[in-house]
Amino acid sequence: MNRRQRSKIIPSEWIIIRRMDEQLSIDEQPPTYELWAFDWKRGARMNWEGWNKREELLASHVPVRRKIGGMAIQSIPVAKLAKQAQWLSLNEQQYEQMQQFLYQSVTYREWKKWKQTLYSPL
């Protein structure tokens, strides 16, 4: 994605994913958290990953653009985004299916339908 394309992205949907490994028990494994942002109007997807604790995730900041074509980037704490984000808890198989699904060109309607099959709140 080039600079001009990035300058047009304004996320409209936020998802926080907690990836779990089925082979380990809940006590043995640290979950991995990821933050996904979607701009359905422009067909853009962004993700940030690498958090092992919920506190680390909520303490971090992500850059967000508020105006199309604007040069100013506002850094917003994930804790503020978490209020409006959808939380999903996925195992490895569901996560791989989601990644394959998201890297295809899909419509918002297809995404909503597919997400309903996966939705499991934390």
# chains A, B, ... in the order shown; residues from 1 in each chain; ligands from 1
>>> residues_around(residues="segment 80-88 of chain A", least_positions_apart="6", cutoff="12 Å", atoms="only C-alpha atoms", output="VMD selection string")
chain A and resid 11 to 20 32 to 38 54 to 55 57 to 64 94 to 95 98 115 to 122
>>> atom_distance(atom1="atom CA of Asp39 of chain A", atom2="atom CA of Glu110 of chain A")
14.6 Å
>>> atom_distance(atom1="atom CA of Gln97 of chain A", atom2="atom CA of Asn47 of chain A")
15.9 Å
